[in-house]
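**Student:** Compact mmCIF, C-alpha atoms, saved as my_file.txt, coming up:
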```txt
# COMPACT_ATOMS: atom_id res chain seq x y z
CA MET A 1 74.34 199.41 68.24
CA THR A 2 71.32 199.52 65.94
CA THR A 3 71.46 197.29 62.85
CA ARG A 4 70.17 198.96 59.70
CA LYS A 5 67.09 197.39 58.20
CA LYS A 6 67.70 195.79 54.83
CA ILE A 7 65.62 197.21 51.98
CA GLY A 8 64.33 195.20 49.04
CA LEU A 9 62.86 196.53 45.81
CA ALA A 10 60.32 194.51 43.81
CA LEU A 11 60.06 195.82 40.23
CA GLY A 12 56.87 194.65 38.57
CA SER A 13 55.92 193.68 35.03
CA GLY A 14 54.12 196.08 32.72
CA GLY A 15 55.78 196.52 29.32
CA VAL A 16 56.59 200.10 28.42
CA ARG A 17 55.12 201.24 31.74
CA GLY A 18 58.31 199.82 33.25
CA LEU A 19 60.10 203.04 32.41
CA ALA A 20 58.40 204.40 35.53
CA HIS A 21 60.79 202.14 37.48
CA ILE A 22 63.56 204.55 36.49
CA GLY A 23 61.78 207.38 38.26
CA VAL A 24 61.27 205.27 41.39
CA LEU A 25 64.96 204.35 41.49
CA LYS A 26 65.97 207.97 40.84
CA VAL A 27 64.12 209.19 43.93
CA LEU A 28 65.53 206.41 46.10
CA VAL A 29 69.08 207.18 44.99
CA GLU A 30 68.67 210.95 45.38
CA ASN A 31 67.44 210.44 48.94
CA ASN A 32 70.25 208.03 49.83
CA ILE A 33 67.86 205.12 50.38
CA PRO A 34 70.02 201.98 50.27
CA ILE A 35 68.84 199.11 48.08
CA ASP A 36 70.05 195.80 49.42
CA TYR A 37 68.04 193.36 47.28
CA ILE A 38 66.15 193.54 43.99
CA ALA A 39 63.63 191.17 42.43
CA GLY A 40 62.24 191.85 38.96
CA SER A 41 59.56 190.44 36.71
CA SER A 42 59.46 191.07 32.94
CA VAL A 43 60.47 194.70 32.29
CA GLY A 44 61.29 194.91 36.00
CA ALA A 45 63.87 192.17 35.43
CA TRP A 46 65.64 194.22 32.77
CA VAL A 47 65.65 197.42 34.84
CA GLY A 48 66.70 195.52 37.96
CA ALA A 49 69.53 193.70 36.19
CA HIS A 50 70.96 196.90 34.77
CA TYR A 51 70.84 198.81 38.04
CA ALA A 52 72.10 195.88 40.14
CA LEU A 53 75.10 195.59 37.81
CA PHE A 54 76.11 199.21 37.20
CA GLN A 55 74.34 201.29 39.92
CA ASP A 56 74.48 204.25 37.54
CA MET A 57 71.24 206.19 36.96
CA ASP A 58 72.52 208.06 33.89
CA ILE A 59 73.49 204.86 32.12
CA LEU A 60 70.28 203.16 33.22
CA LYS A 61 68.16 205.92 31.74
CA GLU A 62 70.19 205.97 28.53
CA PHE A 63 69.69 202.25 27.94
CA THR A 64 66.04 202.05 29.00
CA VAL A 65 64.43 205.33 27.99
CA GLY A 66 66.83 205.80 25.07
CA LYS A 67 68.16 203.36 22.46
CA ARG A 68 64.74 203.20 20.78
CA HIS A 69 66.06 202.19 17.36
CA GLU A 70 68.16 199.37 18.81
CA LYS A 71 65.14 198.01 20.69
CA LEU A 72 62.93 198.18 17.62
CA PHE A 73 65.55 196.40 15.50
CA SER A 74 65.78 193.58 18.07
CA PHE A 75 62.11 192.81 17.42
CA LEU A 76 62.85 192.14 13.74
CA ASP A 77 63.56 188.50 14.45
CA ALA A 78 60.65 186.56 13.00
CA SER A 79 59.59 183.22 14.42
CA PHE A 80 57.24 180.75 12.76
CA SER A 81 56.31 178.79 15.87
CA GLY A 82 55.42 179.62 19.44
CA GLY A 83 55.43 183.39 18.97
CA LEU A 84 56.02 186.19 16.48
CA VAL A 85 59.58 187.02 17.61
CA LYS A 86 62.39 184.55 18.37
CA GLY A 87 64.05 186.75 20.96
CA LYS A 88 67.61 185.84 19.97
CA LYS A 89 68.36 189.38 18.78
CA LEU A 90 66.95 190.77 22.00
CA GLU A 91 69.17 188.50 24.08
CA LYS A 92 72.21 189.52 22.03
CA LEU A 93 71.35 193.19 22.55
CA LEU A 94 70.88 192.69 26.29
CA ASN A 95 74.20 190.85 26.49
CA THR A 96 75.91 193.81 24.85
CA TRP A 97 74.26 196.30 27.18
CA LEU A 98 75.01 194.15 30.25
CA ASN A 99 78.65 193.45 29.30
CA ASN A 100 77.94 189.71 29.04
CA ALA A 101 77.62 189.68 32.82
CA ASP A 102 76.46 186.84 35.07
CA PHE A 103 74.61 187.10 38.36
CA LYS A 104 77.93 186.65 40.16
CA ASP A 105 79.08 190.00 38.72
CA LEU A 106 76.29 192.00 40.34
CA ASN A 107 76.80 194.67 42.99
CA ILE A 108 73.30 194.11 44.42
CA PRO A 109 71.77 190.63 44.88
CA LEU A 110 69.08 190.08 42.24
CA SER A 111 66.37 187.53 41.52
CA ILE A 112 64.62 187.42 38.14
CA VAL A 113 61.21 185.80 37.79
CA ALA A 114 60.08 183.88 34.70
CA THR A 115 57.17 181.45 34.27
CA ASP A 116 57.53 177.76 33.52
CA LEU A 117 54.60 176.75 31.29
CA ILE A 118 55.12 173.04 31.99
CA LYS A 119 54.77 173.27 35.77
CA ALA A 120 52.54 176.38 35.62
CA GLU A 121 54.61 178.11 38.28
CA PRO A 122 57.24 180.86 38.66
CA TYR A 123 60.86 180.03 38.01
CA ILE A 124 63.43 182.20 39.78
CA PHE A 125 66.84 182.92 38.26
CA ASN A 126 69.66 183.88 40.61
CA SER A 127 72.63 182.45 38.72
CA GLY A 128 73.90 182.25 35.16
CA SER A 129 73.62 184.79 32.36
CA LEU A 130 71.79 188.02 33.18
CA ALA A 131 70.74 188.56 29.56
CA PHE A 132 69.31 185.05 29.27
CA ALA A 133 67.33 185.41 32.49
CA ALA A 134 66.01 188.85 31.51
CA ARG A 135 65.03 187.61 28.07
CA ALA A 136 63.11 184.69 29.60
CA SER A 137 61.36 186.98 32.06
CA MET A 138 60.29 189.32 29.23
CA ALA A 139 59.06 186.60 26.84
CA ILE A 140 55.48 187.84 26.46
CA PRO A 141 53.33 184.85 25.41
CA GLY A 142 52.24 185.07 21.79
CA PHE A 143 54.72 187.85 20.98
CA PHE A 144 58.01 186.20 21.92
CA LYS A 145 58.71 182.54 21.30
CA PRO A 146 58.94 180.63 24.62
CA ILE A 147 62.41 179.58 25.73
CA THR A 148 62.94 175.84 25.97
CA TRP A 149 65.67 175.32 28.56
CA GLU A 150 66.58 172.21 30.52
CA ASP A 151 63.19 170.67 31.40
CA LYS A 152 61.34 173.99 31.25
CA VAL A 153 59.41 176.13 28.77
CA LEU A 154 59.84 179.69 29.98
CA VAL A 155 57.76 182.80 29.32
CA ASP A 156 57.07 186.19 30.91
CA GLY A 157 57.34 186.33 34.70
CA GLY A 158 54.31 188.60 34.85
CA LEU A 159 52.12 185.61 34.08
CA THR A 160 52.62 184.12 37.56
CA ASN A 161 54.23 186.81 39.73
CA PRO A 162 53.82 190.32 38.30
CA VAL A 163 55.04 192.06 41.48
CA PRO A 164 57.61 189.75 43.13
CA ASP A 165 57.61 191.29 46.60
CA ASN A 166 57.59 187.84 48.23
CA VAL A 167 60.74 186.96 46.30
CA VAL A 168 62.69 189.97 47.54
CA SER A 169 61.38 189.33 51.05
CA ASP A 170 62.68 185.77 50.89
CA MET A 171 66.07 187.16 49.82
CA GLY A 172 66.36 188.80 53.25
CA ALA A 173 64.72 192.21 52.97
CA ASP A 174 63.26 193.66 56.18
CA ILE A 175 61.47 196.44 54.31
CA VAL A 176 59.96 195.74 50.89
CA ILE A 177 59.12 198.44 48.35
CA ALA A 178 56.90 197.03 45.59
CA VAL A 179 56.24 198.82 42.32
CA ASN A 180 52.95 197.72 40.75
CA LEU A 181 52.51 198.93 37.17
CA ASN A 182 49.18 197.17 36.66
CA ASN A 183 46.83 199.11 38.91
CA PHE A 184 43.90 199.60 36.53
CA GLN A 185 41.19 200.19 39.13
CA THR A 186 40.93 203.82 38.11
CA PRO A 187 37.99 205.68 36.58
CA ILE A 188 37.93 205.18 32.82
CA GLN A 189 35.70 206.03 29.95
CA PHE A 190 34.10 202.70 29.17
CA LYS A 191 30.86 202.44 27.25
CA ARG A 192 28.12 200.99 29.40
CA LYS A 193 25.95 200.25 26.41
CA GLU A 194 27.08 198.10 23.53
CA PRO A 195 30.88 198.28 23.88
CA SER A 196 32.78 196.90 20.93
CA VAL A 197 34.54 193.52 21.00
CA LYS A 198 37.88 195.35 21.01
CA GLU A 199 36.85 197.49 24.00
CA VAL A 200 35.59 194.50 25.96
CA THR A 201 38.73 192.48 25.18
CA PHE A 202 41.07 195.33 26.14
CA ARG A 203 39.25 196.07 29.39
CA THR A 204 39.08 192.35 30.25
CA ASN A 205 42.85 192.11 29.87
CA GLU A 206 43.26 195.15 32.14
CA VAL A 207 41.05 193.57 34.81
CA ILE A 208 43.00 190.29 34.67
CA GLN A 209 46.32 192.13 34.99
CA CYS A 210 44.99 194.31 37.80
CA TYR A 211 43.75 191.45 39.95
CA LEU A 212 46.72 189.19 39.26
CA ALA A 213 49.00 192.01 40.45
CA LYS A 214 46.77 192.68 43.45
CA TYR A 215 46.91 189.07 44.61
CA SER A 216 50.62 188.92 43.85
CA LEU A 217 51.29 191.55 46.51
CA LYS A 218 52.00 189.64 49.71
CA SER A 219 55.00 191.07 51.54
CA ALA A 220 55.21 194.76 50.66
CA ASN A 221 55.58 197.48 53.29
CA ILE A 222 55.37 200.23 50.69
CA ILE A 223 53.36 199.81 47.48
CA ILE A 224 54.06 202.25 44.64
CA GLN A 225 51.30 202.36 42.03
CA PRO A 226 52.04 205.05 39.42
CA PRO A 227 48.96 206.16 37.42
CA LEU A 228 49.94 204.58 34.12
CA ARG A 229 46.84 203.16 32.45
CA LYS A 230 47.08 205.77 29.66
CA HIS A 231 50.67 204.73 28.97
CA SER A 232 50.45 201.12 27.84
CA SER A 233 51.48 201.53 24.21
CA TRP A 234 54.94 200.79 22.85
CA LYS A 235 53.78 202.65 19.75
CA ARG A 236 53.57 205.90 21.73
CA TYR A 237 57.04 205.25 23.12
CA PHE A 238 58.61 204.60 19.72
CA ILE A 239 56.76 207.34 17.81
CA ASN A 240 56.03 210.03 20.41
CA ASP A 241 59.11 209.51 22.57
CA GLU A 242 57.13 209.58 25.82
CA GLY A 243 59.81 207.80 27.86
CA ASP A 244 60.66 210.88 29.94
CA ASP A 245 56.97 211.28 30.83
CA LEU A 246 56.87 207.75 32.23
CA VAL A 247 60.01 208.36 34.28
CA LYS A 248 58.44 211.52 35.73
CA ILE A 249 55.27 209.65 36.73
CA GLY A 250 57.39 207.10 38.57
CA GLU A 251 59.30 209.88 40.32
CA GLU A 252 56.14 211.56 41.57
CA ALA A 253 54.68 208.28 42.84
CA MET A 254 57.86 207.48 44.79
CA LYS A 255 58.11 210.99 46.21
CA ALA A 256 54.56 210.68 47.53
CA ALA A 257 55.49 207.47 49.36
CA LEU A 258 58.82 208.70 50.69
CA PRO A 259 57.57 210.04 54.07
CA GLU A 260 55.98 206.67 54.91
CA LEU A 261 59.12 204.81 53.84
CA LEU A 262 61.34 207.00 56.03
CA LYS A 263 58.94 206.50 58.93
CA ILE A 264 59.20 202.71 58.59
CA MET A 265 62.98 202.86 58.21
CA ASN A 266 63.37 204.93 61.37
CA LYS A 267 60.96 202.86 63.45
CA ASN A 268 62.61 200.81 66.16
CA GLY A 269 62.04 197.08 66.40
```
Please render this file's structure as C-alpha cells.
**Tutor:**
Amino acid sequence: MTTRKKIGLALGSGGVRGLAHIGVLKVLVENNIPIDYIAGSSVGAWVGAHYALFQDMDILKEFTVGKRHEKLFSFLDASFSGGLVKGKKLEKLLNTWLNNADFKDLNIPLSIVATDLIKAEPYIFNSGSLAFAARASMAIPGFFKPITWEDKVLVDGGLTNPVPDNVVSDMGADIVIAVNLNNFQTPIQFKRKEPSVKEVTFRTNEVIQCYLAKYSLKSANIIIQPPLRKHSSWKRYFINDEGDDLVKIGEEAMKAALPELLKIMNKNG
C-alpha cells in the first residue's frame, strides 16, 4: 500500500499582492490537490487562516477580494506611537470574519509567522486566537503599531520569513508549494541617469524584498512566483477594484506549475 505524500502550502507576504494566493488555492482545489498543512506570513497568514478554517473558496474570495469598505474602515484607527494605525479595529474585523475561532478549530493545521523585534527572529503562532495571530503577522512596521505581548514586540512576519516554506516543511509536509509574491527580478523601466530620490528608494525596497524572499526559500519543491510587480498598490485595489486581476494572475502561475507538481506527487520514493 502506497502512502500519499503530504502537501504543504507556504503563503508568502506581499500586501495587496496576496490576493494572488486566492488564484493559487483555486487551481489546487479545482484539481483535487489535497492541502495537508499551511504556513502563512503577513497577508499569507490571513488567507491561510481563512481557508484552513472554512475550506470554502467562494467565502474566501468574498472576504479577501471583496469587503473593500470594511477593510478601509478598519484602517481608521489612529495611533500616536509606534505606527500610524493601532490595529485594534482590524483585529475586531478579523475576529468577526473568522467567527472568533482559535487554532484548535481549524480543519487544516496552520502556522502563522510574525516577527519579534526584541529577539530579531520569527515567532510562530500555532495556538490561541486566529485573529490575533493574523493581526500580528500583518503588522507592517511604521504603518501598524507593534503588538506588545508577553515578552515580545511583534510585527509583520515578512520581515524575517516572507515565504515560510521551512515552517510548513517542519509541520510534516513531504511536498512544499511556496508562493513568493516578492519576485522583483524582472525587467523594469528604471532611469539609468539621475533617478529621483523616490525612484531610488522604491527600487531599493523592491531589491531588499526580492532578496529576503529569495533567501527565505529553503524547502520548496514547487515555487510559484506570479508576475506582480505592477500590482503593489492598495490604492489601485480600493479605487480601481483590481482584486479579480490579481486572483487571475495567481491562477495562471499555479496552472503553469501544475504539471511539475503532479509529476512530483506521482513519483515513487
**Student:** Have a look at CA of Phe143 (chain A) and CA of Ser79 (chain A) and let me know their distance in Å, one decimal.
**Tutor:**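 Pair CA of Phe143 (chain A) / CA of Ser79 (chain A) returns 9.4 Å.
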**Student:** What is the distance, in Å and to one decimal place, between CA of Asp36 (chain A) and CA of Tyr215 (chain A)?
**Tutor:**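 Computed distance, CA of Asp36 (chain A) to CA of Tyr215 (chain A), equals 24.6 Å.
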**Student:** So how many Å separate CA of Val43 (chain A) and CA of Asp151 (chain A), to one decimal?
**Tutor:**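 Taking CA of Val43 (chain A) and CA of Asp151 (chain A), their separation equals 24.2 Å.
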**Student:** Hey, which of A:Phe125, A:Gly18, A:Lys61, A:Leu262 ends up closest to Asn31 (chain A)? Count all atoms listed in the file.
**Tutor:**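 Looking only at the distances to Asn31 (chain A), the closest residue turns out to be A:Leu262.
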**Student:** Can you tell me which residues surround Asp244 (chain A) at a distance of at most 10 Å, considering all atoms listed in the file, apart from same-chain residues fewer than 3 positions away, and format the answer as a list in words?
**Tutor:** Leu19, Ala20, Ile22, Gly23, Lys61, Val65, Gly66, Tyr237, Asp241, Val247, Lys248, Ile249 and Gly250 of chain A
**Student:** Can you work out which one of A:Lys86, A:Lys145, A:Lys104, A:His50 has the shortest atom-to-atom distance to Ala131 (chain A), counting only C-alpha atoms?
**Tutor:** A:His50
**Student:** Dig up all the protein and nucleic acid residues within 7 Å of (60.6, 188.2, 35.4) in the file frame, using all atoms listed in the file, and format them as a CSV table (one decimal) with C-alpha atoms, in the frame of the given file.
**Tutor:**
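So the final result, stored in out.csv, reads:
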```csv
chain,number,residue,atom,x,y,z
A,40,GLY,CA,62.2,191.8,39.0
A,41,SER,CA,59.6,190.4,36.7
A,42,SER,CA,59.5,191.1,32.9
A,44,GLY,CA,61.3,194.9,36.0
A,45,ALA,CA,63.9,192.2,35.4
A,112,ILE,CA,64.6,187.4,38.1
A,113,VAL,CA,61.2,185.8,37.8
A,114,ALA,CA,60.1,183.9,34.7
A,134,ALA,CA,66.0,188.8,31.5
A,137,SER,CA,61.4,187.0,32.1
A,138,MET,CA,60.3,189.3,29.2
A,156,ASP,CA,57.1,186.2,30.9
A,157,GLY,CA,57.3,186.3,34.7
A,158,GLY,CA,54.3,188.6,34.8
```
**Student:** Name the closest residue to His231 (chain A) among the candidates A:Asn182, A:Lys89, A:Leu261, A:Trp46; distances are taken between atoms, counting only C-alpha atoms.
**Tutor:**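 Result for the nearest residue to His231 (chain A): A:Asn182.
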**Student:** Could you check which of A:Phe132, A:Phe63, A:Tyr37, A:Phe184 is closest to Lys88 (chain A), using all atoms listed in the file?
**Tutor:**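 Smallest separation from Lys88 (chain A) among the options: A:Phe132.
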**Student:** Using all atoms listed in the file for the distances, tell me which of A:Val163, A:Ala120, A:Met265, A:Leu72 is nearest to Pro34 (chain A).
**Tutor:**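 So, comparing all the options, the nearest one is A:Met265.
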**Student:** A:Arg4, A:Ser13, A:Tyr211, A:Ile38: which is nearest Leu25 (chain A), counting all atoms listed in the file?
**Tutor:**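 Once distances to Leu25 (chain A) are computed over all atoms listed in the file, the minimum belongs to A:Ile38.
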**Student:** Please write as a PyMOL selection string the list of polymer residues whose atoms come within 10 Å of (60.3, 177.8, 31.5), counting all atoms listed in the file and keeping to the coordinates of the file.
**Tutor:** chain A and resi 114-124+136-137+146-157
**Student:** Residues near Asn166 (chain A), anyone? I mean within 8 Å using all atoms listed in the file, not counting same-chain ones fewer than 6 positions away, as a list in words.
**Tutor:**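 Neighbouring residues, sequence-local ones excluded: Leu217, Lys218, Ser219 and Ala220 of chain A.
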**Student:** Please report as a Markdown table every residue of region 111-168 of chain A lying within 6 Å of region 94-102 of chain A, along with the nearest atom pair and their distance in Å (one decimal), using all atoms listed in the file.
**Tutor:**
```
| residue | atom | partner | partner_atom | distance |
| --- | --- | --- | --- | --- |
| A:Gly128 | CA | A:Asp102 | CA | 5.3 |
| A:Ser129 | CA | A:Asp102 | CA | 4.4 |
| A:Leu130 | CA | A:Asp102 | CA | 5.2 |
| A:Ala131 | CA | A:Asn95 | CA | 5.2 |
```
